[in-house]
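One file, data_10.cif, carrying mmCIF, C-alpha atoms:
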data_work
loop_
_atom_site.label_atom_id
_atom_site.label_comp_id
_atom_site.auth_asym_id
_atom_site.auth_seq_id
_atom_site.Cartn_x
_atom_site.Cartn_y
_atom_site.Cartn_z
CA MET D 1 32.02 77.60 13.03
CA SER D 2 32.30 74.79 10.50
CA PHE D 3 34.50 74.24 7.47
CA GLY D 4 33.44 72.24 4.38
CA GLY D 5 29.87 71.28 5.31
CA GLN D 6 28.22 69.40 8.15
CA PRO D 7 30.35 67.70 10.80
CA PRO D 8 30.52 63.87 10.60
CA ALA D 9 28.02 61.89 12.69
CA PRO D 10 29.51 60.36 15.78
CA GLN D 11 30.35 56.64 15.45
CA ARG D 12 28.34 54.16 17.51
CA PHE D 13 29.82 50.93 18.78
CA PRO D 14 27.87 47.91 20.09
CA THR D 15 27.92 47.62 23.82
CA ALA D 16 26.31 45.35 26.35
CA LEU D 17 23.44 47.88 26.49
CA ALA D 18 22.96 48.06 22.70
CA GLY D 19 19.91 45.82 22.75
CA ARG D 20 18.14 48.10 25.20
CA SER D 21 18.57 51.17 22.97
CA GLY D 22 17.29 49.35 19.88
CA TYR D 23 20.70 49.23 18.17
CA ALA D 24 21.63 45.94 16.39
CA PRO D 25 24.92 45.67 14.53
CA PRO D 26 24.69 44.23 11.00
CA ALA D 27 25.77 40.64 10.41
CA PRO D 28 29.19 40.39 8.79
CA ALA D 29 29.03 39.86 5.04
CA ALA D 30 30.29 36.54 3.71
CA PRO D 31 33.26 36.86 1.33
CA SER D 32 31.45 34.46 -1.04
CA PRO D 33 28.10 32.65 -1.03
CA ALA D 34 28.08 29.85 1.53
CA ALA D 35 27.97 26.37 0.04
CA ALA D 36 24.54 24.77 0.33
CA MET D 37 24.11 21.37 1.90
CA PRO D 38 23.65 18.75 -0.82
CA ALA D 39 20.15 17.36 -1.18
CA LEU D 40 19.68 13.84 0.11
CA PRO D 41 19.64 11.27 -2.71
CA MET D 42 16.39 9.47 -3.46
CA PRO D 43 15.97 5.90 -4.71
CA ALA D 44 15.17 5.69 -8.42
CA ARG D 45 11.45 5.80 -9.24
CA ARG D 46 11.78 3.66 -12.38
CA GLY D 47 10.15 0.29 -11.81
CA ARG D 48 8.46 1.55 -8.63
CA SER D 49 5.57 3.65 -9.97
CA ALA D 50 2.65 3.45 -12.37
CA SER D 51 2.71 5.49 -15.57
CA VAL D 52 0.49 8.53 -15.92
CA TRP D 53 -0.81 6.94 -19.12
CA ALA D 54 -2.07 3.95 -17.12
CA PHE D 55 -4.00 6.30 -14.83
CA GLY D 56 -5.31 8.12 -17.87
CA ALA D 57 -6.70 4.90 -19.34
CA LEU D 58 -8.32 4.02 -16.02
CA GLY D 59 -9.82 7.50 -15.89
CA PHE D 60 -11.59 7.01 -19.22
CA ALA D 61 -12.86 3.61 -18.07
CA MET D 62 -14.13 5.20 -14.86
CA LEU D 63 -16.18 7.70 -16.87
CA ALA D 64 -17.77 4.78 -18.72
CA LEU D 65 -18.62 3.08 -15.41
CA ILE D 66 -20.18 6.26 -14.03
CA ALA D 67 -22.36 6.48 -17.13
CA TYR D 68 -23.33 2.81 -16.71
CA PHE D 69 -24.44 3.29 -13.10
CA ALA D 70 -26.30 6.52 -13.88
CA LEU D 71 -28.13 4.80 -16.75
CA PHE D 72 -29.10 1.53 -15.09
CA LEU D 73 -29.40 2.53 -11.42
CA GLY D 74 -30.14 6.22 -11.59
CA VAL D 75 -28.23 8.98 -9.87
CA GLY D 76 -30.01 8.69 -6.50
CA ALA D 77 -29.53 4.93 -6.04
CA SER D 78 -25.94 5.19 -7.30
CA VAL D 79 -25.10 7.88 -4.74
CA VAL D 80 -26.67 5.88 -1.89
CA GLY D 81 -24.75 2.79 -3.01
CA LEU D 82 -21.52 4.80 -3.24
CA VAL D 83 -21.85 6.19 0.28
CA LEU D 84 -22.62 2.79 1.82
CA ALA D 85 -19.84 1.10 -0.17
CA LEU D 86 -17.32 3.40 1.48
CA VAL D 87 -17.88 1.61 4.81
CA PRO D 88 -16.57 -1.87 3.84
CA LEU D 89 -13.87 -0.20 1.74
CA ALA D 90 -12.61 1.67 4.80
CA ILE D 91 -12.64 -1.56 6.84
CA VAL D 92 -10.58 -3.43 4.24
CA LEU D 93 -8.12 -0.58 3.65
CA THR D 94 -7.50 -0.36 7.39
CA GLY D 95 -6.64 -4.05 7.42
CA VAL D 96 -4.38 -3.72 4.36
CA ARG D 97 -2.57 -0.78 5.95
CA MET D 98 -1.81 -2.89 9.00
CA ILE D 99 -0.33 -5.59 6.75
CA ASP D 100 1.71 -3.04 4.79
CA ARG D 101 3.15 -1.16 7.75
CA TRP D 102 6.46 -3.05 7.86
CA GLU D 103 7.79 -1.91 4.48
CA PRO D 104 5.11 0.28 2.83
CA GLU D 105 4.51 0.03 -0.91
CA PRO D 106 4.85 3.10 -3.16
CA LYS D 107 1.70 5.23 -3.11
CA SER D 108 1.53 5.28 -6.91
CA LEU D 109 1.26 1.48 -7.11
CA VAL D 110 -1.14 1.33 -4.16
CA ILE D 111 -3.51 3.76 -5.92
CA PHE D 112 -3.10 1.94 -9.23
CA ALA D 113 -3.93 -1.44 -7.68
CA LEU D 114 -7.02 -0.04 -5.97
CA ALA D 115 -8.12 1.69 -9.19
CA TRP D 116 -7.55 -1.44 -11.29
CA GLY D 117 -9.88 -3.41 -9.06
CA ALA D 118 -12.52 -0.67 -8.89
CA VAL D 119 -12.50 0.22 -12.59
CA ALA D 120 -10.68 -2.14 -14.96
CA ALA D 121 -11.56 -5.47 -13.32
CA VAL D 122 -15.20 -4.46 -12.94
CA GLY D 123 -15.30 -3.22 -16.53
CA ILE D 124 -13.85 -6.49 -17.85
CA THR D 125 -16.39 -8.47 -15.81
CA LEU D 126 -19.32 -6.41 -17.12
CA LEU D 127 -18.16 -6.76 -20.73
CA VAL D 128 -17.77 -10.53 -20.42
CA ASP D 129 -21.16 -10.76 -18.74
CA LEU D 130 -22.69 -8.79 -21.61
CA ALA D 131 -21.00 -11.07 -24.15
CA PHE D 132 -22.38 -14.17 -22.36
CA ALA D 133 -25.86 -12.66 -22.31
CA LEU D 134 -25.75 -11.93 -26.05
CA ALA D 135 -24.31 -15.37 -26.85
CA VAL D 136 -26.37 -17.73 -24.67
CA GLY D 137 -29.12 -15.58 -23.21
CA GLN D 138 -30.39 -16.13 -19.68
CA ARG D 139 -28.05 -18.28 -17.57
CA ASP D 140 -28.72 -20.53 -14.65
CA GLU D 141 -28.19 -18.85 -11.27
CA PHE D 142 -25.84 -21.59 -10.12
CA PHE D 143 -23.69 -21.30 -13.26
CA ALA D 144 -23.53 -17.51 -13.02
CA ALA D 145 -22.66 -17.42 -9.31
CA VAL D 146 -20.48 -20.51 -8.83
CA ILE D 147 -18.71 -20.86 -12.19
CA GLN D 148 -18.85 -17.72 -14.32
CA ALA D 149 -18.37 -15.08 -11.63
CA PRO D 150 -15.43 -16.70 -9.81
CA VAL D 151 -13.53 -17.50 -13.03
CA ILE D 152 -14.04 -14.17 -14.82
CA GLU D 153 -13.69 -11.94 -11.77
CA GLU D 154 -10.55 -13.63 -10.46
CA LEU D 155 -8.98 -13.60 -13.91
CA ALA D 156 -9.67 -9.87 -14.23
CA LYS D 157 -8.35 -9.12 -10.75
CA GLY D 158 -5.37 -11.48 -11.10
CA ALA D 159 -4.37 -9.72 -14.33
CA GLY D 160 -4.09 -6.56 -12.27
CA VAL D 161 -1.71 -8.19 -9.79
CA LEU D 162 0.45 -9.43 -12.67
CA LEU D 163 0.41 -5.95 -14.21
CA VAL D 164 1.61 -4.43 -10.94
CA PHE D 165 4.42 -7.01 -10.92
CA VAL D 166 5.43 -6.02 -14.46
CA ILE D 167 5.32 -2.22 -14.09
CA GLY D 168 6.42 -2.06 -10.44
CA ARG D 169 8.80 -4.98 -10.25
CA ARG D 170 11.33 -3.14 -8.12
CA ALA D 171 8.63 -2.65 -5.45
CA PHE D 172 7.25 -6.19 -5.64
CA ASP D 173 9.61 -7.91 -3.23
CA GLY D 174 7.80 -10.97 -1.91
CA PRO D 175 4.63 -12.69 -0.69
CA VAL D 176 3.58 -9.89 1.68
CA ASP D 177 3.71 -7.37 -1.17
CA GLY D 178 1.68 -9.76 -3.32
CA VAL D 179 -0.94 -10.10 -0.61
CA VAL D 180 -1.10 -6.30 -0.26
CA TYR D 181 -1.55 -5.67 -3.98
CA GLY D 182 -4.04 -8.54 -4.33
CA ALA D 183 -6.06 -7.31 -1.36
CA LEU D 184 -6.09 -3.75 -2.71
CA ILE D 185 -7.36 -4.91 -6.09
CA GLY D 186 -9.99 -7.05 -4.36
CA ALA D 187 -11.02 -4.11 -2.18
CA GLY D 188 -11.44 -1.88 -5.22
CA PHE D 189 -13.50 -4.50 -7.02
CA ALA D 190 -15.76 -5.06 -4.01
CA PHE D 191 -16.25 -1.30 -3.66
CA THR D 192 -17.66 -0.89 -7.17
CA GLU D 193 -19.61 -4.14 -7.01
CA ASN D 194 -21.17 -3.04 -3.72
CA ILE D 195 -22.38 0.18 -5.32
CA GLN D 196 -24.30 -1.93 -7.80
CA TYR D 197 -25.64 -4.37 -5.21
CA PHE D 198 -26.68 -1.65 -2.77
CA GLY D 199 -28.31 0.46 -5.48
CA THR D 200 -30.19 -2.54 -6.92
CA SER D 201 -31.41 -3.55 -3.45
CA LEU D 202 -32.71 -0.05 -2.80
CA ILE D 203 -34.60 0.00 -6.10
CA SER D 204 -36.08 -3.49 -5.83
CA GLY D 205 -36.80 -3.81 -2.10
CA GLY D 206 -36.47 -0.41 -0.48
CA ALA D 207 -34.72 0.30 2.80
CA GLY D 208 -35.38 -3.15 4.27
CA GLU D 209 -33.67 -5.10 1.50
CA LEU D 210 -30.89 -2.51 1.33
CA THR D 211 -30.20 -2.95 5.06
CA LEU D 212 -29.97 -6.74 4.73
CA THR D 213 -27.64 -6.49 1.72
CA PHE D 214 -25.45 -3.98 3.52
CA ILE D 215 -25.13 -6.24 6.58
CA LEU D 216 -24.29 -9.32 4.50
CA ARG D 217 -21.85 -7.66 2.10
CA GLY D 218 -20.59 -4.66 4.04
CA LEU D 219 -20.26 -6.00 7.58
CA VAL D 220 -20.37 -9.82 7.52
CA SER D 221 -17.98 -10.38 4.60
CA PRO D 222 -16.11 -7.16 3.69
CA PHE D 223 -12.80 -9.03 3.20
CA ALA D 224 -14.11 -11.70 0.81
CA HIS D 225 -12.81 -10.29 -2.50
CA ALA D 226 -9.60 -9.07 -0.86
CA MET D 227 -8.95 -12.55 0.52
CA PHE D 228 -9.62 -14.29 -2.82
CA THR D 229 -7.25 -12.13 -4.87
CA ALA D 230 -4.64 -12.14 -2.10
CA LEU D 231 -4.07 -15.83 -2.95
CA THR D 232 -3.08 -14.88 -6.50
CA GLY D 233 -0.88 -12.09 -5.16
CA PHE D 234 0.76 -14.45 -2.67
CA ALA D 235 1.71 -16.87 -5.45
CA ILE D 236 3.16 -14.10 -7.65
CA GLY D 237 4.98 -12.74 -4.59
CA LEU D 238 6.67 -16.11 -4.05
CA ALA D 239 7.97 -15.91 -7.62
CA ALA D 240 9.11 -12.31 -7.05
CA ARG D 241 11.08 -13.30 -3.94
CA ARG D 242 13.01 -15.84 -6.06
CA GLY D 243 13.75 -13.23 -8.73
CA ALA D 244 11.58 -15.05 -11.27
CA SER D 245 10.90 -13.82 -14.80
CA THR D 246 7.49 -12.59 -15.91
CA ALA D 247 6.77 -15.97 -17.51
CA ALA D 248 7.59 -17.77 -14.26
CA ALA D 249 5.42 -15.30 -12.36
CA VAL D 250 2.53 -16.10 -14.71
CA GLY D 251 2.96 -19.81 -13.98
CA SER D 252 3.12 -19.27 -10.25
CA GLY D 253 0.21 -16.85 -10.35
CA ALA D 254 -1.89 -19.40 -12.23
CA LEU D 255 -1.63 -21.77 -9.25
CA GLY D 256 -2.70 -19.00 -6.91
CA LEU D 257 -5.52 -18.14 -9.30
CA LEU D 258 -6.86 -21.70 -9.04
CA GLY D 259 -7.03 -21.29 -5.27
CA ALA D 260 -8.72 -17.90 -5.62
CA VAL D 261 -11.33 -19.26 -8.03
CA GLY D 262 -11.99 -22.29 -5.82
CA LEU D 263 -12.42 -20.22 -2.67
CA HIS D 264 -14.59 -17.69 -4.51
CA ALA D 265 -16.80 -20.46 -5.93
CA TYR D 266 -17.22 -22.05 -2.51
CA TRP D 267 -18.04 -18.68 -0.95
CA ASN D 268 -20.74 -17.97 -3.55
CA GLY D 269 -22.05 -21.53 -3.48
CA SER D 270 -22.52 -21.50 0.28
CA SER D 271 -25.34 -19.00 -0.16
CA LEU D 272 -27.10 -21.21 -2.71
CA LEU D 273 -26.52 -24.81 -1.66
CA GLY D 274 -27.16 -24.84 2.08
CA ASP D 275 -27.67 -22.94 5.29
CA PHE D 276 -25.60 -19.81 4.71
CA LEU D 277 -25.27 -18.92 8.40
CA ALA D 278 -24.16 -22.44 9.38
CA LEU D 279 -21.63 -22.63 6.55
CA TYR D 280 -20.42 -19.12 7.33
CA LEU D 281 -19.74 -19.96 10.98
CA THR D 282 -18.28 -23.42 10.41
CA THR D 283 -16.12 -22.83 7.33
CA GLN D 284 -15.86 -19.21 6.22
CA VAL D 285 -14.99 -17.80 9.63
CA PRO D 286 -12.26 -20.45 10.18
CA LEU D 287 -10.92 -19.69 6.68
CA PHE D 288 -10.70 -16.01 7.54
CA ILE D 289 -8.96 -16.79 10.84
CA GLY D 290 -6.52 -19.01 8.95
CA PHE D 291 -5.90 -16.15 6.52
CA ILE D 292 -5.05 -13.80 9.41
CA ILE D 293 -2.69 -16.37 10.93
CA ALA D 294 -0.97 -16.80 7.56
CA ILE D 295 -0.54 -13.02 7.25
CA LEU D 296 1.04 -12.84 10.71
CA ALA D 297 3.43 -15.64 9.77
CA LEU D 298 4.40 -13.81 6.57
CA ARG D 299 4.98 -10.60 8.52
CA ARG D 300 7.21 -12.46 10.96
CA GLU D 301 9.23 -13.90 8.07
CA GLU D 302 9.56 -10.45 6.51
CA ALA D 303 10.87 -9.08 9.82
CA ARG D 304 13.37 -11.95 10.06
CA LEU D 305 14.65 -11.26 6.55
CA THR D 306 14.97 -7.54 7.31
CA ARG D 307 17.01 -8.35 10.39
CA VAL D 308 19.34 -10.66 8.44
CA ARG D 309 19.96 -8.14 5.67
CA LEU D 310 20.54 -5.20 8.04
CA GLY D 311 22.83 -7.45 10.04
CA GLU D 312 25.01 -7.71 6.94
CA TYR D 313 25.27 -3.92 6.82
CA ALA D 314 26.05 -3.90 10.54
CA ALA D 315 28.93 -6.30 9.90
CA ALA D 316 30.24 -3.77 7.36
CA GLY D 317 30.00 -0.93 9.92
CA TRP D 318 26.91 0.93 8.66
CA PHE D 319 24.74 0.11 11.69
CA THR D 320 25.37 -0.99 15.23
CA PRO D 321 23.89 -4.27 16.45
CA GLN D 322 21.62 -2.24 18.73
CA GLU D 323 20.33 -0.24 15.75
CA VAL D 324 19.56 -3.43 13.83
CA GLU D 325 17.52 -4.64 16.82
CA MET D 326 15.70 -1.30 16.89
CA LEU D 327 15.04 -1.14 13.15
CA ALA D 328 14.18 -4.77 12.41
CA THR D 329 11.90 -5.86 15.26
CA PRO D 330 8.42 -4.61 16.20
CA ALA D 331 9.44 -4.13 19.83
CA GLY D 332 12.59 -2.30 18.80
CA ARG D 333 10.64 0.07 16.57
CA ARG D 334 8.24 0.90 19.37
CA THR D 335 11.12 1.54 21.75
CA GLY D 336 12.88 3.69 19.17
CA LEU D 337 9.81 5.84 18.60
CA GLN D 338 9.32 6.29 22.35
CA TRP D 339 12.96 7.36 22.70
CA ALA D 340 12.69 9.78 19.75
CA ALA D 341 9.57 11.34 21.28
CA GLY D 342 11.61 12.36 24.33
CA LEU D 343 14.29 14.13 22.30
CA ARG D 344 14.26 17.89 21.90
CA GLY D 345 11.53 18.87 19.48
CA ASP D 346 9.96 15.36 19.36
CA ARG D 347 11.92 13.56 16.64
CA ARG D 348 9.52 10.68 16.02
CA GLU D 349 9.11 11.67 12.37
CA VAL D 350 12.87 11.45 11.89
CA MET D 351 12.82 8.02 13.52
CA ARG D 352 10.02 6.94 11.17
CA GLU D 353 12.18 8.02 8.22
CA PHE D 354 15.09 6.04 9.66
CA ILE D 355 12.89 2.94 10.02
CA ARG D 356 11.36 3.27 6.53
CA ASP D 357 14.71 3.76 4.83
CA ALA D 358 16.25 0.85 6.71
CA ALA D 359 13.39 -1.47 5.71
CA ALA D 360 13.68 -0.32 2.10
CA LEU D 361 17.45 -0.88 2.28
CA ALA D 362 16.95 -4.48 3.39
CA ALA D 363 14.54 -5.03 0.48
CA VAL D 364 17.03 -3.51 -1.98
CA ARG D 365 19.75 -5.86 -0.77
CA GLN D 366 17.43 -8.83 -1.18
CA ARG D 367 16.74 -7.78 -4.78
CA ALA D 368 20.47 -7.35 -5.38
CA ILE D 369 21.13 -10.86 -4.06
CA THR D 370 18.60 -12.36 -6.48
CA GLY D 371 20.10 -10.26 -9.29
CA ARG D 372 16.78 -8.89 -10.51
CA ASP D 373 17.34 -5.17 -9.90
CA PRO D 374 19.82 -3.33 -12.15
CA LEU D 375 19.38 -0.17 -10.06
CA ALA D 376 20.05 -1.86 -6.72
CA ALA D 377 23.52 -0.34 -6.30
CA ALA D 378 22.26 3.22 -6.82
CA ASP D 379 19.32 2.68 -4.46
CA GLU D 380 21.62 1.12 -1.87
CA HIS D 381 23.90 4.18 -1.92
CA ALA D 382 20.95 6.58 -1.66
CA LEU D 383 19.36 4.73 1.26
CA LEU D 384 22.65 4.40 3.13
CA MET D 385 23.18 8.16 2.82
CA ARG D 386 19.65 8.85 3.98
CA SER D 387 20.02 6.48 6.94
CA ARG D 388 23.27 8.15 7.97
CA ASP D 389 21.60 11.58 7.76
CA ALA D 390 18.61 10.42 9.84
CA ARG D 391 20.94 9.08 12.53
CA ALA D 392 22.79 12.41 12.63
CA ARG D 393 19.54 14.36 13.01
CA LEU D 394 18.38 12.05 15.79
CA LEU D 395 21.62 12.54 17.73
CA ALA D 396 22.04 16.28 17.06
CA TYR D 397 21.81 18.63 20.07
#

Can you dump the structure from the file as C-alpha cells?
Amino acid sequence: MSFGGQPPAPQRFPTALAGRSGYAPPAPAAPSPAAAMPALPMPARRGRSASVWAFGALGFAMLALIAYFALFLGVGASVVGLVLALVPLAIVLTGVRMIDRWEPEPKSLVIFALAWGAVAAVGITLLVDLAFALAVGQRDEFFAAVIQAPVIEELAKGAGVLLVFVIGRRAFDGPVDGVVYGALIGAGFAFTENIQYFGTSLISGGAGELTLTFILRGLVSPFAHAMFTALTGFAIGLAARRGASTAAAVGSGALGLLGAVGLHAYWNGSSLLGDFLALYLTTQVPLFIGFIIAILALRREEARLTRVRLGEYAAAGWFTPQEVEMLATPAGRRTGLQWAAGLRGDRREVMREFIRDAAALAAVRQRAITGRDPLAAADEHALLMRSRDARARLLAY
C-alpha cells in the first residue's frame, strides 16, 4: 500500500564496480567558468608583410602578361613553356630555402618578392623593350644582350629588392636576407622569361630546339638571374644591418647593382663572344662556386650573431648556456630536434617553434641595438613569452 504517489527511486552510489554496470557519475559543476589560458602574444606584423593592395596591383599586371603570352606565343606553346619553366624554378627555390632556413623570412614578403620578379620586373622589361623598338627600331644583337638587357633587367629586379626593404624593413635584417629576397626576385624573373624562351623555341625549331634551350637555361644555368640580383640584395642587406635609412640603402644598392649588371653582361656576352662551353667551365662555374662559398660564410656570420645576442639573454637569465648552444648552432639544433623526437608524443614541432622564435628574438635585439625598429620592445616581449611557453611544453610530462 502506498501513500501520496509512487515510492522514490532508490539512490545509486558509485562503486568500484560502477564502470562494469555502465554507470558513470556526472562531473562536478564548476562554481564559475574556469579562466582560459591567455593566448600567446605574436610579434607585430607591421613592417613585416606586403600590403594586399600590392598583391592586387601585381595581379592585374599578371593578367596583362597572360594576355601577352597567349597573343604572341599561343596557348599551347605558353602552357608547354610554363610546365618546363617550373623545373628550374623548383631548383632555385630549393636552394633559396636552404639559405633561408636559419631565420626564415615572412611568407608574405617571400611571395611578394617572387611575384615582383615574375610579373612586375618582366613587365617593366617588356615595356622598355617596346619603347626602344619604337624609338630606334631594330637593335644590334650585342647591344640588346650585353648592354640593354643587363641594365634594364637588373634595374627592374633591383627596384623590387629596394621595395621589399621599404615595406618589410622590420624583416630585412642583413646581407643573408638581402640575398634571399634578391634570389627570389631573380627566380621569379627567370621563370617568366623561361616561359617565353621555351615557347619561342618550340614554335621556331620544334622539339629539338626546345630541348637544347631547356638544357642551357633550365639545367646548365638555372641560378643565373638569382645570382645576379642577389648581389644587389647583398648590398642593401649590408645597409640594413647598419640600420641605414632608405636613401643610404639606395646608395649601397647602387653599388651592388653595378656588380649585378656587370656579371649579367659578362654572362650574356660569353655566349656571343667566344666558346660558350669553355667560358662556362673556366669562369662561370668558378663564379657560382664562389657564390656558394660566400653564402656559407654569410650563414656562419649570421649564426655567430645569433649566438652573441642569445648569450645576452642568457646573461639576463632567460636562457641557459646549454640552450644558447642548442638554439644558435647547426649541431645544437640537430641535437635538440633528435632529443625532442624521443619525448612523449614526438615534440619536434615544439622544438622547431622554440628555434624559430629564438632566432627571431636575436634578430629583434639586433634591430633594437641599431635603433631602427620602434616595435622592437613589443616584439621582444612577445618572443620571450613564446620561448618560455615552448620550453614548458618541451619539459612537460

If you count all atoms listed in the file, which residues fall within 12 Å of Pro374 (chain D), apart from same-chain ones fewer than 3 positions away, as an mmCIF file with C-alpha atoms, keeping the file's coordinate frame?
data_model
loop_
_atom_site.group_PDB
_atom_site.id
_atom_site.type_symbol
_atom_site.label_atom_id
_atom_site.label_comp_id
_atom_site.auth_asym_id
_atom_site.auth_seq_id
_atom_site.Cartn_x
_atom_site.Cartn_y
_atom_site.Cartn_z
ATOM 1 C CA ALA D 44 15.170 5.690 -8.420
ATOM 2 C CA ARG D 46 11.780 3.660 -12.380
ATOM 3 C CA GLY D 47 10.150 0.290 -11.810
ATOM 4 C CA ARG D 169 8.800 -4.980 -10.250
ATOM 5 C CA ARG D 170 11.330 -3.140 -8.120
ATOM 6 C CA VAL D 364 17.030 -3.510 -1.980
ATOM 7 C CA ARG D 365 19.750 -5.860 -0.770
ATOM 8 C CA ARG D 367 16.740 -7.780 -4.780
ATOM 9 C CA ALA D 368 20.470 -7.350 -5.380
ATOM 10 C CA ILE D 369 21.130 -10.860 -4.060
ATOM 11 C CA THR D 370 18.600 -12.360 -6.480
ATOM 12 C CA GLY D 371 20.100 -10.260 -9.290
ATOM 13 C CA ALA D 377 23.520 -0.340 -6.300
ATOM 14 C CA ALA D 378 22.260 3.220 -6.820
ATOM 15 C CA ASP D 379 19.320 2.680 -4.460
ATOM 16 C CA GLU D 380 21.620 1.120 -1.870
#

Worksheet item: Expanded to explicit residues, what is the PyMOL selection byres ((chain D and resi 323-335) around 9) for this file, as a ChimeraX atom specification?
Response: /D:102,303-308,310-311,314,319-322,336-340,351-352,354-356,358-359

Worksheet item: CA of Pro41 (chain D) and CA of Ile167 (chain D) are how many Å apart?
Response: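 Distance reported for this atom pair: 22.7 Å.
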
Worksheet item: For this file, the PyMOL selection byres ((chain D and resi 226) around 7) selects which residues, as a PyMOL selection string?
Response: chain D and resi 182-184+186-187+223-225+227-230

Those same residues - C-alpha atoms - I'd like them written as an mmCIF file, in the coordinates of the input.
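So the final result, stored in again21.cif, reads:
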data_model
loop_
_atom_site.group_PDB
_atom_site.id
_atom_site.type_symbol
_atom_site.label_atom_id
_atom_site.label_comp_id
_atom_site.auth_asym_id
_atom_site.auth_seq_id
_atom_site.Cartn_x
_atom_site.Cartn_y
_atom_site.Cartn_z
ATOM 1 C CA GLY D 182 -4.040 -8.540 -4.330
ATOM 2 C CA ALA D 183 -6.060 -7.310 -1.360
ATOM 3 C CA LEU D 184 -6.090 -3.750 -2.710
ATOM 4 C CA GLY D 186 -9.990 -7.050 -4.360
ATOM 5 C CA ALA D 187 -11.020 -4.110 -2.180
ATOM 6 C CA PHE D 223 -12.800 -9.030 3.200
ATOM 7 C CA ALA D 224 -14.110 -11.700 0.810
ATOM 8 C CA HIS D 225 -12.810 -10.290 -2.500
ATOM 9 C CA MET D 227 -8.950 -12.550 0.520
ATOM 10 C CA PHE D 228 -9.620 -14.290 -2.820
ATOM 11 C CA THR D 229 -7.250 -12.130 -4.870
ATOM 12 C CA ALA D 230 -4.640 -12.140 -2.100
#

Fill in: Interatomic distance (Å, one decimal) between CA of Ala39 (chain D) and CA of Val110 (chain D)
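These two atoms are separated by 26.8 Å.
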
Running the PyMOL selection byres ((chain D and resi 52-62) around 9) on this model by hand, what would come out? Give it as a JSON list (two decimals) with C-alpha atoms, keeping the file's coordinate frame.
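As written to disk, result_21.json reads:
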[["chain", "number", "residue", "atom", "x", "y", "z"],
["D", 50, "ALA", "CA", 2.65, 3.45, -12.37],
["D", 51, "SER", "CA", 2.71, 5.49, -15.57],
["D", 63, "LEU", "CA", -16.18, 7.70, -16.87],
["D", 64, "ALA", "CA", -17.77, 4.78, -18.72],
["D", 65, "LEU", "CA", -18.62, 3.08, -15.41],
["D", 66, "ILE", "CA", -20.18, 6.26, -14.03],
["D", 67, "ALA", "CA", -22.36, 6.48, -17.13],
["D", 112, "PHE", "CA", -3.10, 1.94, -9.23],
["D", 115, "ALA", "CA", -8.12, 1.69, -9.19],
["D", 116, "TRP", "CA", -7.55, -1.44, -11.29],
["D", 118, "ALA", "CA", -12.52, -0.67, -8.89],
["D", 119, "VAL", "CA", -12.50, 0.22, -12.59],
["D", 120, "ALA", "CA", -10.68, -2.14, -14.96],
["D", 123, "GLY", "CA", -15.30, -3.22, -16.53]]

Worksheet entry | Distance criterion (only C-alpha atoms): nearest to Arg386 (chain D) out of D:Val350, D:Glu301, D:Ala363, D:Val83 | D:Val350

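Of the residues under consideration (D:Gly174, D:Leu155, D:Gly168, D:Leu86), D:Leu155 shows the shortest atom-to-atom contact distance to Gly256 (chain D) when counting only C-alpha atoms.
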
What are the closest atom pairs, with distances in Å to one decimal, for each residue of region 46-90 of chain D lying within 9 Å of region 190-194 of chain D, using only C-alpha atoms, rows by chain and rising residue number, as CSV?
residue,atom,partner,partner_atom,distance
D:Gly81,CA,D:Asn194,CA,6.9
D:Leu82,CA,D:Asn194,CA,7.9
D:Leu84,CA,D:Asn194,CA,8.2
D:Ala85,CA,D:Phe191,CA,5.6
D:Leu86,CA,D:Phe191,CA,7.0
D:Pro88,CA,D:Phe191,CA,7.5
D:Leu89,CA,D:Phe191,CA,6.0

Just-selected residues, C-alpha atoms written as a PDB file, keeping the file's coordinate frame:
ATOM      1  CA  GLY D  81     -24.750   2.790  -3.010  1.00  0.00           C
ATOM      2  CA  LEU D  82     -21.520   4.800  -3.240  1.00  0.00           C
ATOM      3  CA  LEU D  84     -22.620   2.790   1.820  1.00  0.00           C
ATOM      4  CA  ALA D  85     -19.840   1.100  -0.170  1.00  0.00           C
ATOM      5  CA  LEU D  86     -17.320   3.400   1.480  1.00  0.00           C
ATOM      6  CA  PRO D  88     -16.570  -1.870   3.840  1.00  0.00           C
ATOM      7  CA  LEU D  89     -13.870  -0.200   1.740  1.00  0.00           C
TER       8      LEU D  89
END

Fill in: Atom pair CA of Leu127 (chain D) / CA of Gly206 (chain D): separation (Å)
28.0 Å

Within 10 Å of file point (6.3, -5.6, -8.4), counting only C-alpha atoms, expressed as a PDB file with C-alpha atoms, keeping the file's coordinate frame:
ATOM      1  CA  GLY D  47      10.150   0.290 -11.810  1.00  0.00           C
ATOM      2  CA  ARG D  48       8.460   1.550  -8.630  1.00  0.00           C
ATOM      3  CA  SER D  49       5.570   3.650  -9.970  1.00  0.00           C
ATOM      4  CA  GLU D 105       4.510   0.030  -0.910  1.00  0.00           C
ATOM      5  CA  LEU D 109       1.260   1.480  -7.110  1.00  0.00           C
ATOM      6  CA  VAL D 161      -1.710  -8.190  -9.790  1.00  0.00           C
ATOM      7  CA  LEU D 162       0.450  -9.430 -12.670  1.00  0.00           C
ATOM      8  CA  LEU D 163       0.410  -5.950 -14.210  1.00  0.00           C
ATOM      9  CA  VAL D 164       1.610  -4.430 -10.940  1.00  0.00           C
ATOM     10  CA  PHE D 165       4.420  -7.010 -10.920  1.00  0.00           C
ATOM     11  CA  VAL D 166       5.430  -6.020 -14.460  1.00  0.00           C
ATOM     12  CA  ILE D 167       5.320  -2.220 -14.090  1.00  0.00           C
ATOM     13  CA  GLY D 168       6.420  -2.060 -10.440  1.00  0.00           C
ATOM     14  CA  ARG D 169       8.800  -4.980 -10.250  1.00  0.00           C
ATOM     15  CA  ARG D 170      11.330  -3.140  -8.120  1.00  0.00           C
ATOM     16  CA  ALA D 171       8.630  -2.650  -5.450  1.00  0.00           C
ATOM     17  CA  PHE D 172       7.250  -6.190  -5.640  1.00  0.00           C
ATOM     18  CA  ASP D 173       9.610  -7.910  -3.230  1.00  0.00           C
ATOM     19  CA  GLY D 174       7.800 -10.970  -1.910  1.00  0.00           C
ATOM     20  CA  ASP D 177       3.710  -7.370  -1.170  1.00  0.00           C
ATOM     21  CA  GLY D 178       1.680  -9.760  -3.320  1.00  0.00           C
ATOM     22  CA  TYR D 181      -1.550  -5.670  -3.980  1.00  0.00           C
ATOM     23  CA  ILE D 236       3.160 -14.100  -7.650  1.00  0.00           C
ATOM     24  CA  GLY D 237       4.980 -12.740  -4.590  1.00  0.00           C
ATOM     25  CA  ALA D 240       9.110 -12.310  -7.050  1.00  0.00           C
TER      26      ALA D 240
END
